Protein chains: 2
Amino acid sequence: MSTLKGACIIGQSGGPTSVINASAYGCIKTALENENITKVYGALNGIKGVLDDNLIDMGKEDPNELEYMKYTPSSALGSCRYKLKSADVDDTDYHRILEIFRKYDVRYFFYNGGNDSMDTCNKISKFMLEHNYECRVMGIPKTIDNDLAGTDHCPGYASAAKYIATSLMEIYHDARVYDKGMITVVEIMGRNAGWLTAAAALASYKGCGPDLIYLPEVAFNMKDFIAKVKAIYEEKGKCIIAVSEGIHNRMGRLVSDTGKKDSFGHPQLGGLAALLAKKLEKATGAKVRGIELSLLQRCAAHCASQTDIEESFSAGKAAVECAVAGVTDKMVGFKRKKSKSGYKCAIELFDLSVVANTEKKVPKSWLNKTKDGLNDKFIAYALPLIQGETQLPKEDGLPRFVKLNKIKAE
Amino acid sequence: MSTLKGACIIGQSGGPTSVINASAYGCIKTALENENITKVYGALNGIKGVLDDNLIDMGKEDPNELEYMKYTPSSALGSCRYKLKSADVDDTDYHRILEIFRKYDVRYFFYNGGNDSMDTCNKISKFMLEHNYECRVMGIPKTIDNDLAGTDHCPGYASAAKYIATSLMEIYHDARVYDKGMITVVEIMGRNAGWLTAAAALASYKGCGPDLIYLPEVAFNMKDFIAKVKAIYEEKGKCIIAVSEGIHNRMGRLVSDTGKKDSFGHPQLGGLAALLAKKLEKATGAKVRGIELSLLQRCAAHCASQTDIEESFSAGKAAVECAVAGVTDKMVGFKRKKSKSGYKCAIELFDLSVVANTEKKVPKSWLNKTKDGLNDKFIAYALPLIQGETQLPKEDGLPRFVKLNKIKAE
């Protein structure tokens with residue numbers, strides 16, 4: 001493979017995670033140090049930053065300050081939820097991207113996001129190839145949802161899982177403190193894949209977790225649900241339930257469907273914990289508390305998994321190294337390897353076309369027999385991922401997050 | 001003061017905090033090691049454990065296991081919200097308590113809770129004195145609300161404050177990631193005193209906090225609120241607001257009043273963030289997100305302040321040491337002392353009668369001029385309290401909380 005010299009662009013897209021910046025930092029740091037990469041640009045707000053010629057020069061940031069990116073949640077470069085149309089339908093955006101790539105001599109494009117971002121990568125890569133513009137395109141995954149195909153797990157998932165399991169253990173202690181009965185419903189993110197909600201099982205594994213766990217992989221039956229909660233409550237006086245925001249009945253109708261849609265056309269969900277709490281209160285007469293873990297589960301960097309942080313960094317680093325070595329049109333992912341200590345993670349490359357727009361769900365064989373909890377297979381999968389406490393630097397007892405100068409590219 | 005030999009009871013009451021067990025552990029450990037204290041009993045579910053003769057023998061717990069109490073949130077002995085009637089009205093409970101005290105030769109009573117618990121202490125102390133039963137009664141404060149009179153601050157506040165400030169900094173990063181406008185309303189606990197909500201100002205001090213902070217100390221005006229948010233949103237495209245659950249209009253009517261009351265007769269609040277989000281959405285047309293920090297703010301031991309943990313432990317320890325030395329009818333509190341490093345905390349004793357049922361609020365002089373934020377006086381007060389990261393032991397990447405055997409007293 002020939003040596004390719006030129007500038008690179010890195011952009012971030014989709015919802016935040018605690019470690020998306022760790023990946024971006026791995027990419028930026030490696031690119032800045034690579035002699036074939038002449039300039040490292042950050043696209044502000046993802047692909048929109050490219051379309052709007054809104055690029056910043058990462059080389060002009062203080063390298064010591066950049067290091068803080070590794071522990072800063074959310075997307076330091078800003079994100080977007082902009083989905084490129086198919087070039088067959090409308091190629092305006094693609095021509096504009098090519099124009100910008102030419103303007104800055106961009107020969108490497110790294111895109112850091114979820115399924116939709118891998119789709120963007122794939123479309124750009126194809127267009128550049130068709131227009132004989134040599135540019136290596138690499139996807140760097142992130143998603144708390146853990147639903148990307150191919151890779152063993154996604155950067156971002158483990159930190160959210162660690163926060164969810166930790167919070168559930170704490171809620172467990174809080175929810176059983178009074179001698180009065182109490183039911184607690186905890187709503188967890190994940191529209192179609194139940195990976196995040198499944199993480200609540202790690203708390204149960206530690207003896208301080210929910211009694212029941214409902215994933216979107218299993219059709220939800222309200223009557224059965226209420227009967228199960230009632231039985232546990234009557235026996236123990238307490239019941240904790242973890243539910244995915246995406247639970248739906250067997251017809252596919254979301255329990256929490258508000259009727260609204262987001263900019264990708266996905267239904268906007270919300271208020272499920274409150275809704276279930278009301279139903280349970282009516283059915284049991286117990287005090288019921290509904291808790292929504294809200295966006296903290298995707299940005300609680302203070303409770304991130306150091307394993308996740310290091311792996312995310314290495315994904316960003318590998319993207320640059322592979323691209324410089326000649327790879328293109330791939331997503332960097334992980335392969336789990338057996339080691340003496342039980343867990344080892346290696347980089348593996350996946351075709352963008354395979355990854356884009358497919359969703360990996362929790363295998364049904366990882367559910368317990370009554371489909372309201374997870375079995376040991378899930379624990380064995382998830383536990384290694386959440387190991388290690390974040391080395392997030394603190395200042396005055398509070399996180400010290402990155403402050404970028406964001407100097408416009410010339 | 002004469003030496004008093006006999007057993008002791010420790011009980012916990014009121015809502016959980018991240019460090020109430022650190023205080024209980026300070027008390028239990030010191031009592032177990034003291035030669036004048038013959039037995040150390042834990043009352044299960046606070047004063048109800050005494051009334052129901054439901055005591056456990058703390059001496060029968062593994063001392064190594066007991067150490068985990070220092071980092072375990074919520075009340076390890078269980079809590080209650082039982083308020084003793086005045087003995088003039090009905091002294092049944094008091095006679096029962098005396099009976100139990102006699103049965104177990106209890107000469108020391110330590111009660112670990114908030115205002116209502118200090119009231120319980122005070123009433124029991126008076127009754128024992130009137131009935132010539134020698135028993136030393138000490139209150140060990142805890143409350144995330146920080147509203148106890150006398151003491152510079154309350155064990156439990158700092159850890160909740162650290163969690164709130166940290167979470168607000170993380171939410172700040174999450175809430176500004178898209179190029180689209182966004183308004184975020186974060187609802188924080190605190191019915192009458194705004195200490196917890198004020199902690200959000202620590203995030204603003206660090207440059208990543210809310211634009212507006214509303215405490216219950218200031219009458220809330222919906223029209224002004226909406227106008228302020230609108231102005232900030234129009235200028236910056238983003239606005240983050242921290243509101244106390246207890247905000248009310250100038251007539252005292254709670255913005256979030258649901259009409260329901262809890263077992264102490266205090267109004268039950270809820271849904272404020274959602275309510276304000278709806279109003280702001282209508283007024284601005286922006287995407288508005290309502291977040292309730294929920295009970296995680298009082299039990300997130302993984303984000304506790306080590307300063308708070310050590311001080312809480314020392315409060316429990318001091319209660320025993322003072323009682324053995326002859327003190328009774330006092331609450332252990334803190335006095336802030338100037339030191340070369342800027343902050344030092346010393347133990348100070350307060351009369352239970354003064355502490356019970358009074359509430360300390362945020363001084364008006366600590367608010368900014370527009371009464372929608374805090375000034376440097378608050379920062380200088382709160383910042384030293386949140387220093388230090390919890391040394392919470394981990395097992396498998398998750399908290400290792402205490403597991404008590406709870407062996408019944410004989």
# chains A, B, ... in the order shown; residues from 1 in each chain; ligands from 1
>>> residues_around(residues="Gly326 in chain B", least_positions_apart="3", cutoff="12 Å", atoms="only C-alpha atoms", output="PDB file with N, CA, C and O atoms, in the first residue's frame")
ATOM      1  N   MET B   1     -17.733  14.296  87.161  1.00  0.00           N
ATOM      2  CA  MET B   1     -18.854  13.453  86.670  1.00  0.00           C
ATOM      3  C   MET B   1     -18.549  11.979  86.975  1.00  0.00           C
ATOM      4  O   MET B   1     -17.426  11.513  86.760  1.00  0.00           O
ATOM      5  N   SER B   2     -19.543  11.302  87.475  1.00  0.00           N
ATOM      6  CA  SER B   2     -19.333   9.903  87.876  1.00  0.00           C
ATOM      7  C   SER B   2     -19.202   8.982  86.663  1.00  0.00           C
ATOM      8  O   SER B   2     -19.727   9.288  85.593  1.00  0.00           O
ATOM      9  N   THR B   3     -18.507   7.899  86.886  1.00  0.00           N
ATOM     10  CA  THR B   3     -18.411   6.887  85.841  1.00  0.00           C
ATOM     11  C   THR B   3     -19.752   6.181  85.728  1.00  0.00           C
ATOM     12  O   THR B   3     -20.382   5.859  86.737  1.00  0.00           O
ATOM     13  N   LEU B   4     -20.169   5.970  84.484  1.00  0.00           N
ATOM     14  CA  LEU B   4     -21.445   5.293  84.276  1.00  0.00           C
ATOM     15  C   LEU B   4     -21.192   4.055  83.431  1.00  0.00           C
ATOM     16  O   LEU B   4     -20.717   4.152  82.301  1.00  0.00           O
ATOM     17  N   LYS B   5     -21.480   2.909  84.027  1.00  0.00           N
ATOM     18  CA  LYS B   5     -21.280   1.655  83.298  1.00  0.00           C
ATOM     19  C   LYS B   5     -22.615   1.111  82.802  1.00  0.00           C
ATOM     20  O   LYS B   5     -23.624   1.191  83.522  1.00  0.00           O
ATOM     21  N   ASN B  36     -16.294   1.220  79.695  1.00  0.00           N
ATOM     22  CA  ASN B  36     -17.499   1.524  80.469  1.00  0.00           C
ATOM     23  C   ASN B  36     -18.776   1.078  79.760  1.00  0.00           C
ATOM     24  O   ASN B  36     -19.849   1.047  80.357  1.00  0.00           O
ATOM     25  N   ARG B 107     -27.511   2.545  79.337  1.00  0.00           N
ATOM     26  CA  ARG B 107     -27.146   3.803  80.005  1.00  0.00           C
ATOM     27  C   ARG B 107     -26.680   4.869  79.014  1.00  0.00           C
ATOM     28  O   ARG B 107     -26.368   5.988  79.394  1.00  0.00           O
ATOM     29  N   TYR B 108     -26.593   4.466  77.765  1.00  0.00           N
ATOM     30  CA  TYR B 108     -26.170   5.405  76.712  1.00  0.00           C
ATOM     31  C   TYR B 108     -27.087   5.224  75.507  1.00  0.00           C
ATOM     32  O   TYR B 108     -27.304   4.097  75.061  1.00  0.00           O
ATOM     33  N   GLU B 134     -30.794   7.097  85.060  1.00  0.00           N
ATOM     34  CA  GLU B 134     -29.583   7.722  84.556  1.00  0.00           C
ATOM     35  C   GLU B 134     -29.228   7.153  83.175  1.00  0.00           C
ATOM     36  O   GLU B 134     -28.944   5.960  83.042  1.00  0.00           O
ATOM     37  N   CYS B 135     -29.287   8.001  82.201  1.00  0.00           N
ATOM     38  CA  CYS B 135     -28.983   7.590  80.829  1.00  0.00           C
ATOM     39  C   CYS B 135     -28.491   8.816  80.075  1.00  0.00           C
ATOM     40  O   CYS B 135     -29.114   9.879  80.116  1.00  0.00           O
ATOM     41  N   ARG B 136     -27.374   8.658  79.422  1.00  0.00           N
ATOM     42  CA  ARG B 136     -26.825   9.787  78.670  1.00  0.00           C
ATOM     43  C   ARG B 136     -27.254   9.683  77.202  1.00  0.00           C
ATOM     44  O   ARG B 136     -27.064   8.644  76.560  1.00  0.00           O
ATOM     45  N   VAL B 137     -27.837  10.751  76.741  1.00  0.00           N
ATOM     46  CA  VAL B 137     -28.434  10.767  75.396  1.00  0.00           C
ATOM     47  C   VAL B 137     -27.672  11.749  74.509  1.00  0.00           C
ATOM     48  O   VAL B 137     -27.501  12.909  74.872  1.00  0.00           O
ATOM     49  N   MET B 138     -27.206  11.250  73.372  1.00  0.00           N
ATOM     50  CA  MET B 138     -26.448  12.118  72.451  1.00  0.00           C
ATOM     51  C   MET B 138     -27.006  12.017  71.033  1.00  0.00           C
ATOM     52  O   MET B 138     -27.288  10.918  70.546  1.00  0.00           O
ATOM     53  N   ALA B 319     -19.393  11.442  70.007  1.00  0.00           N
ATOM     54  CA  ALA B 319     -20.632  11.243  70.777  1.00  0.00           C
ATOM     55  C   ALA B 319     -20.386  10.253  71.912  1.00  0.00           C
ATOM     56  O   ALA B 319     -20.792  10.480  73.058  1.00  0.00           O
ATOM     57  N   VAL B 320     -19.706   9.167  71.595  1.00  0.00           N
ATOM     58  CA  VAL B 320     -19.411   8.146  72.614  1.00  0.00           C
ATOM     59  C   VAL B 320     -18.432   8.698  73.657  1.00  0.00           C
ATOM     60  O   VAL B 320     -18.664   8.595  74.872  1.00  0.00           O
ATOM     61  N   GLU B 321     -17.377   9.295  73.178  1.00  0.00           N
ATOM     62  CA  GLU B 321     -16.351   9.807  74.097  1.00  0.00           C
ATOM     63  C   GLU B 321     -16.921  10.859  75.049  1.00  0.00           C
ATOM     64  O   GLU B 321     -16.637  10.838  76.250  1.00  0.00           O
ATOM     65  N   CYS B 322     -17.740  11.751  74.514  1.00  0.00           N
ATOM     66  CA  CYS B 322     -18.349  12.793  75.359  1.00  0.00           C
ATOM     67  C   CYS B 322     -19.309  12.177  76.360  1.00  0.00           C
ATOM     68  O   CYS B 322     -19.317  12.533  77.544  1.00  0.00           O
ATOM     69  N   ALA B 323     -20.136  11.245  75.889  1.00  0.00           N
ATOM     70  CA  ALA B 323     -21.131  10.624  76.776  1.00  0.00           C
ATOM     71  C   ALA B 323     -20.437   9.895  77.927  1.00  0.00           C
ATOM     72  O   ALA B 323     -20.838  10.023  79.096  1.00  0.00           O
ATOM     73  N   ASP B 329     -27.615  14.961  76.620  1.00  0.00           N
ATOM     74  CA  ASP B 329     -28.580  15.932  76.100  1.00  0.00           C
ATOM     75  C   ASP B 329     -27.950  16.911  75.106  1.00  0.00           C
ATOM     76  O   ASP B 329     -28.378  18.059  75.024  1.00  0.00           O
ATOM     77  N   LYS B 330     -26.966  16.454  74.372  1.00  0.00           N
ATOM     78  CA  LYS B 330     -26.282  17.322  73.419  1.00  0.00           C
ATOM     79  C   LYS B 330     -26.254  16.683  72.040  1.00  0.00           C
ATOM     80  O   LYS B 330     -26.296  15.450  71.919  1.00  0.00           O
TER      81      LYS B 330
END
>>> calpha_fit_rmsd(fixed="chain B", moving="chain A")
0.0 Å
>>> atom_distance(atom1="CA of Gly181 in chain B", atom2="CA of Thr284 in chain B")
10.3 Å
>>> closest_residue(among="A:Gly285, A:Pro384, A:Gly46, A:Gly246", to="Ile183 in chain A", atoms="only C-alpha atoms")
A:Gly285
>>> closest_residue(among="A:His248, A:Lys287, A:Lys338, A:Lys282", to="chain B", atoms="only C-alpha atoms")
A:Lys287
>>> closest_residue(among="B:Lys361, B:Lys206, B:Lys369, B:Arg191", to="chain A", atoms="only C-alpha atoms")
B:Lys206
>>> interface_residues(of="chain B", to="chain A", cutoff="7 Å", atoms="only C-alpha atoms", output="ChimeraX atom specification")
/B:16,45,73-75,78-80,166-167,170-171,173-174,177-179,291,294,296,299-300,386-388,396-399
>>> write_last_selection(atoms="N, CA and C atoms", output="PDB file, in the first residue's frame")
ATOM      1  N   PRO B  16     -31.910   8.544  54.159  1.00  0.00           N
ATOM      2  CA  PRO B  16     -30.505   8.119  54.069  1.00  0.00           C
ATOM      3  C   PRO B  16     -29.567   9.251  53.641  1.00  0.00           C
ATOM      4  N   ASN B  45     -34.361  -0.121  62.527  1.00  0.00           N
ATOM      5  CA  ASN B  45     -35.341   0.897  62.166  1.00  0.00           C
ATOM      6  C   ASN B  45     -35.558   1.921  63.269  1.00  0.00           C
ATOM      7  N   PRO B  73     -23.667   3.460  51.882  1.00  0.00           N
ATOM      8  CA  PRO B  73     -24.699   4.495  52.000  1.00  0.00           C
ATOM      9  C   PRO B  73     -25.958   3.978  52.688  1.00  0.00           C
ATOM     10  N   SER B  74     -26.860   4.895  52.945  1.00  0.00           N
ATOM     11  CA  SER B  74     -28.149   4.591  53.571  1.00  0.00           C
ATOM     12  C   SER B  74     -27.911   4.122  55.013  1.00  0.00           C
ATOM     13  N   SER B  75     -28.959   3.707  55.713  1.00  0.00           N
ATOM     14  CA  SER B  75     -28.833   3.349  57.126  1.00  0.00           C
ATOM     15  C   SER B  75     -28.699   1.837  57.262  1.00  0.00           C
ATOM     16  N   GLY B  78     -31.226   0.292  59.375  1.00  0.00           N
ATOM     17  CA  GLY B  78     -32.613   0.589  58.999  1.00  0.00           C
ATOM     18  C   GLY B  78     -33.041   1.900  59.636  1.00  0.00           C
ATOM     19  N   SER B  79     -34.034   2.525  59.031  1.00  0.00           N
ATOM     20  CA  SER B  79     -34.472   3.830  59.499  1.00  0.00           C
ATOM     21  C   SER B  79     -35.963   3.812  59.782  1.00  0.00           C
ATOM     22  N   CYS B  80     -36.461   4.922  60.286  1.00  0.00           N
ATOM     23  CA  CYS B  80     -37.913   5.080  60.434  1.00  0.00           C
ATOM     24  C   CYS B  80     -38.228   6.554  60.334  1.00  0.00           C
ATOM     25  N   THR B 166     -20.661  17.596  40.788  1.00  0.00           N
ATOM     26  CA  THR B 166     -20.032  16.734  39.779  1.00  0.00           C
ATOM     27  C   THR B 166     -21.027  16.420  38.663  1.00  0.00           C
ATOM     28  N   SER B 167     -22.243  16.028  39.048  1.00  0.00           N
ATOM     29  CA  SER B 167     -23.262  15.672  38.056  1.00  0.00           C
ATOM     30  C   SER B 167     -23.635  16.882  37.196  1.00  0.00           C
ATOM     31  N   GLU B 170     -21.087  17.377  34.584  1.00  0.00           N
ATOM     32  CA  GLU B 170     -21.230  16.375  33.527  1.00  0.00           C
ATOM     33  C   GLU B 170     -22.444  16.679  32.654  1.00  0.00           C
ATOM     34  N   ILE B 171     -23.543  17.065  33.277  1.00  0.00           N
ATOM     35  CA  ILE B 171     -24.744  17.431  32.526  1.00  0.00           C
ATOM     36  C   ILE B 171     -24.444  18.628  31.624  1.00  0.00           C
ATOM     37  N   HIS B 173     -21.705  19.353  30.154  1.00  0.00           N
ATOM     38  CA  HIS B 173     -21.021  18.890  28.942  1.00  0.00           C
ATOM     39  C   HIS B 173     -21.975  18.176  27.988  1.00  0.00           C
ATOM     40  N   ASP B 174     -22.876  17.403  28.574  1.00  0.00           N
ATOM     41  CA  ASP B 174     -23.831  16.659  27.751  1.00  0.00           C
ATOM     42  C   ASP B 174     -24.821  17.602  27.076  1.00  0.00           C
ATOM     43  N   VAL B 177     -23.802  19.628  23.664  1.00  0.00           N
ATOM     44  CA  VAL B 177     -23.043  18.894  22.656  1.00  0.00           C
ATOM     45  C   VAL B 177     -23.575  19.103  21.233  1.00  0.00           C
ATOM     46  N   TYR B 178     -24.873  19.308  21.114  1.00  0.00           N
ATOM     47  CA  TYR B 178     -25.439  19.488  19.771  1.00  0.00           C
ATOM     48  C   TYR B 178     -25.407  20.958  19.365  1.00  0.00           C
ATOM     49  N   ASP B 179     -25.476  21.184  18.079  1.00  0.00           N
ATOM     50  CA  ASP B 179     -25.509  22.564  17.607  1.00  0.00           C
ATOM     51  C   ASP B 179     -26.915  23.144  17.714  1.00  0.00           C
ATOM     52  N   ILE B 291     -34.568  17.026  34.345  1.00  0.00           N
ATOM     53  CA  ILE B 291     -33.829  15.954  35.016  1.00  0.00           C
ATOM     54  C   ILE B 291     -34.046  16.058  36.518  1.00  0.00           C
ATOM     55  N   SER B 294     -33.100  12.848  41.793  1.00  0.00           N
ATOM     56  CA  SER B 294     -33.729  11.751  42.543  1.00  0.00           C
ATOM     57  C   SER B 294     -32.917  11.338  43.754  1.00  0.00           C
ATOM     58  N   LEU B 296     -30.557   9.393  44.142  1.00  0.00           N
ATOM     59  CA  LEU B 296     -29.117   9.166  43.970  1.00  0.00           C
ATOM     60  C   LEU B 296     -28.299  10.235  44.684  1.00  0.00           C
ATOM     61  N   CYS B 299     -27.585   9.000  48.163  1.00  0.00           N
ATOM     62  CA  CYS B 299     -27.007   7.674  48.407  1.00  0.00           C
ATOM     63  C   CYS B 299     -25.830   7.342  47.492  1.00  0.00           C
ATOM     64  N   ALA B 300     -25.369   8.326  46.704  1.00  0.00           N
ATOM     65  CA  ALA B 300     -24.284   8.036  45.751  1.00  0.00           C
ATOM     66  C   ALA B 300     -22.940   7.980  46.485  1.00  0.00           C
ATOM     67  N   ILE B 386     -16.146  19.520  50.248  1.00  0.00           N
ATOM     68  CA  ILE B 386     -16.253  18.461  49.228  1.00  0.00           C
ATOM     69  C   ILE B 386     -14.891  17.898  48.813  1.00  0.00           C
ATOM     70  N   GLN B 387     -13.854  18.291  49.527  1.00  0.00           N
ATOM     71  CA  GLN B 387     -12.517  17.833  49.145  1.00  0.00           C
ATOM     72  C   GLN B 387     -12.292  16.362  49.503  1.00  0.00           C
ATOM     73  N   GLY B 388     -11.508  15.706  48.706  1.00  0.00           N
ATOM     74  CA  GLY B 388     -11.118  14.329  48.991  1.00  0.00           C
ATOM     75  C   GLY B 388     -12.046  13.323  48.345  1.00  0.00           C
ATOM     76  N   ASP B 396     -14.589  -6.463  42.163  1.00  0.00           N
ATOM     77  CA  ASP B 396     -15.092  -6.666  40.796  1.00  0.00           C
ATOM     78  C   ASP B 396     -15.493  -5.354  40.121  1.00  0.00           C
ATOM     79  N   GLY B 397     -14.818  -4.252  40.479  1.00  0.00           N
ATOM     80  CA  GLY B 397     -15.134  -2.969  39.846  1.00  0.00           C
ATOM     81  C   GLY B 397     -16.394  -2.315  40.370  1.00  0.00           C
ATOM     82  N   LEU B 398     -16.974  -2.890  41.417  1.00  0.00           N
ATOM     83  CA  LEU B 398     -18.209  -2.350  42.001  1.00  0.00           C
ATOM     84  C   LEU B 398     -18.008  -2.145  43.507  1.00  0.00           C
ATOM     85  N   PRO B 399     -18.834  -1.275  44.116  1.00  0.00           N
ATOM     86  CA  PRO B 399     -18.653  -1.007  45.542  1.00  0.00           C
ATOM     87  C   PRO B 399     -18.803  -2.276  46.381  1.00  0.00           C
TER      88      PRO B 399
END
>>> closest_residue(among="B:Leu272, B:Val50, B:Asn34, B:Leu280", to="Ala227 in chain B", atoms="only C-alpha atoms")
B:Leu280
>>> residues_around(residues="Ile56 in chain A", least_positions_apart="5", cutoff="6 Å", atoms="only C-alpha atoms", output="ChimeraX atom specification")
/A:41-42,406-409
>>> write_last_selection(atoms="N, CA, C and O atoms", output="JSON list (two decimals), in the first residue's frame")
[["chain", "number", "residue", "atom", "x", "y", "z"],
["A", 41, "TYR", "N", -7.31, 18.23, 11.86],
["A", 41, "TYR", "CA", -8.45, 19.13, 12.03],
["A", 41, "TYR", "C", -9.57, 18.44, 12.82],
["A", 41, "TYR", "O", -9.82, 17.25, 12.64],
["A", 42, "GLY", "N", -10.24, 19.21, 13.65],
["A", 42, "GLY", "CA", -11.45, 18.74, 14.31],
["A", 42, "GLY", "C", -12.65, 19.36, 13.63],
["A", 42, "GLY", "O", -12.67, 20.58, 13.39],
["A", 406, "LYS", "N", -10.15, 25.85, 20.48],
["A", 406, "LYS", "CA", -10.92, 25.78, 19.23],
["A", 406, "LYS", "C", -10.52, 26.87, 18.23],
["A", 406, "LYS", "O", -11.34, 27.71, 17.86],
["A", 407, "ILE", "N", -9.26, 26.82, 17.83],
["A", 407, "ILE", "CA", -8.76, 27.82, 16.88],
["A", 407, "ILE", "C", -9.10, 27.37, 15.45],
["A", 407, "ILE", "O", -8.75, 26.26, 15.03],
["A", 408, "LYS", "N", -9.80, 28.24, 14.73],
["A", 408, "LYS", "CA", -10.29, 27.91, 13.38],
["A", 408, "LYS", "C", -9.16, 27.53, 12.43],
["A", 408, "LYS", "O", -8.09, 28.15, 12.43],
["A", 409, "ALA", "N", -9.41, 26.54, 11.61],
["A", 409, "ALA", "CA", -8.43, 26.10, 10.62],
["A", 409, "ALA", "C", -8.26, 27.19, 9.56],
["A", 409, "ALA", "O", -9.23, 27.87, 9.21]]
>>> select_by_dssp(residues="range 16-111 of chain B", states="alpha helix (DSSP H)", output="VMD selection string")
chain B and resid 20 to 33 47 to 51 63 to 66 92 to 103
>>> atom_distance(atom1="CA of Glu281 in chain B", atom2="CA of Gly190 in chain B")
24.9 Å
>>> select_by_dssp(residues="range 3-93 of chain A", states="strand (DSSP E or B)", output="VMD selection string")
chain A and resid 6 to 12 37 to 43 55 to 57 79
>>> write_last_selection(atoms="N, CA and C atoms", output="compact mmCIF listing (two decimals), in the first residue's frame")
# COMPACT_ATOMS: atom_id res chain seq x y z
N GLY A 6 -1.10 13.76 3.88
CA GLY A 6 -2.16 14.75 3.82
C GLY A 6 -2.72 15.04 5.19
N ALA A 7 -3.73 15.89 5.20
CA ALA A 7 -4.36 16.27 6.47
C ALA A 7 -5.40 15.24 6.87
N CYS A 8 -5.82 15.29 8.12
CA CYS A 8 -6.93 14.44 8.56
C CYS A 8 -7.99 15.28 9.25
N ILE A 9 -9.20 14.76 9.20
CA ILE A 9 -10.31 15.36 9.95
C ILE A 9 -10.84 14.30 10.91
N ILE A 10 -11.09 14.74 12.13
CA ILE A 10 -11.84 13.87 13.04
C ILE A 10 -13.12 14.58 13.45
N GLY A 11 -14.21 13.83 13.42
CA GLY A 11 -15.50 14.38 13.85
C GLY A 11 -16.19 13.42 14.79
N GLN A 12 -17.10 13.96 15.58
CA GLN A 12 -17.86 13.13 16.54
C GLN A 12 -19.35 13.30 16.25
N ILE A 37 0.74 12.51 8.43
CA ILE A 37 -0.44 13.38 8.60
C ILE A 37 0.06 14.81 8.82
N THR A 38 -0.26 15.64 7.85
CA THR A 38 0.31 16.99 7.83
C THR A 38 -0.44 17.95 8.76
N LYS A 39 -1.69 17.73 8.91
CA LYS A 39 -2.52 18.62 9.75
C LYS A 39 -3.62 17.78 10.39
N VAL A 40 -4.00 18.14 11.61
CA VAL A 40 -5.10 17.43 12.28
C VAL A 40 -6.21 18.44 12.56
N TYR A 41 -7.31 18.23 11.86
CA TYR A 41 -8.45 19.13 12.03
C TYR A 41 -9.57 18.44 12.82
N GLY A 42 -10.24 19.21 13.65
CA GLY A 42 -11.45 18.74 14.31
C GLY A 42 -12.65 19.36 13.63
N ALA A 43 -13.64 18.56 13.27
CA ALA A 43 -14.87 19.09 12.68
C ALA A 43 -15.83 19.43 13.81
N LEU A 55 -13.93 24.03 10.83
CA LEU A 55 -12.89 23.11 11.32
C LEU A 55 -11.98 23.85 12.30
N ILE A 56 -11.46 23.10 13.27
CA ILE A 56 -10.48 23.71 14.17
C ILE A 56 -9.15 22.96 14.03
N ASP A 57 -8.08 23.67 14.35
CA ASP A 57 -6.73 23.11 14.18
C ASP A 57 -6.28 22.50 15.51
N SER A 79 -21.36 17.55 18.66
CA SER A 79 -21.96 16.44 17.93
C SER A 79 -23.06 16.93 17.00
>>> residues_around(residues="Pro363 in chain A", least_positions_apart="5", cutoff="12 Å", atoms="only C-alpha atoms", output="count of residues only")
16
>>> atom_distance(atom1="CA of Met331 in chain A", atom2="CA of Ala158 in chain A")
18.7 Å
>>> residues_around(residues="Asn64 in chain B", least_positions_apart="3", cutoff="12 Å", atoms="only C-alpha atoms", output="VMD selection string")
chain B and resid 25 29 59 to 61 67 to 70 402 to 404
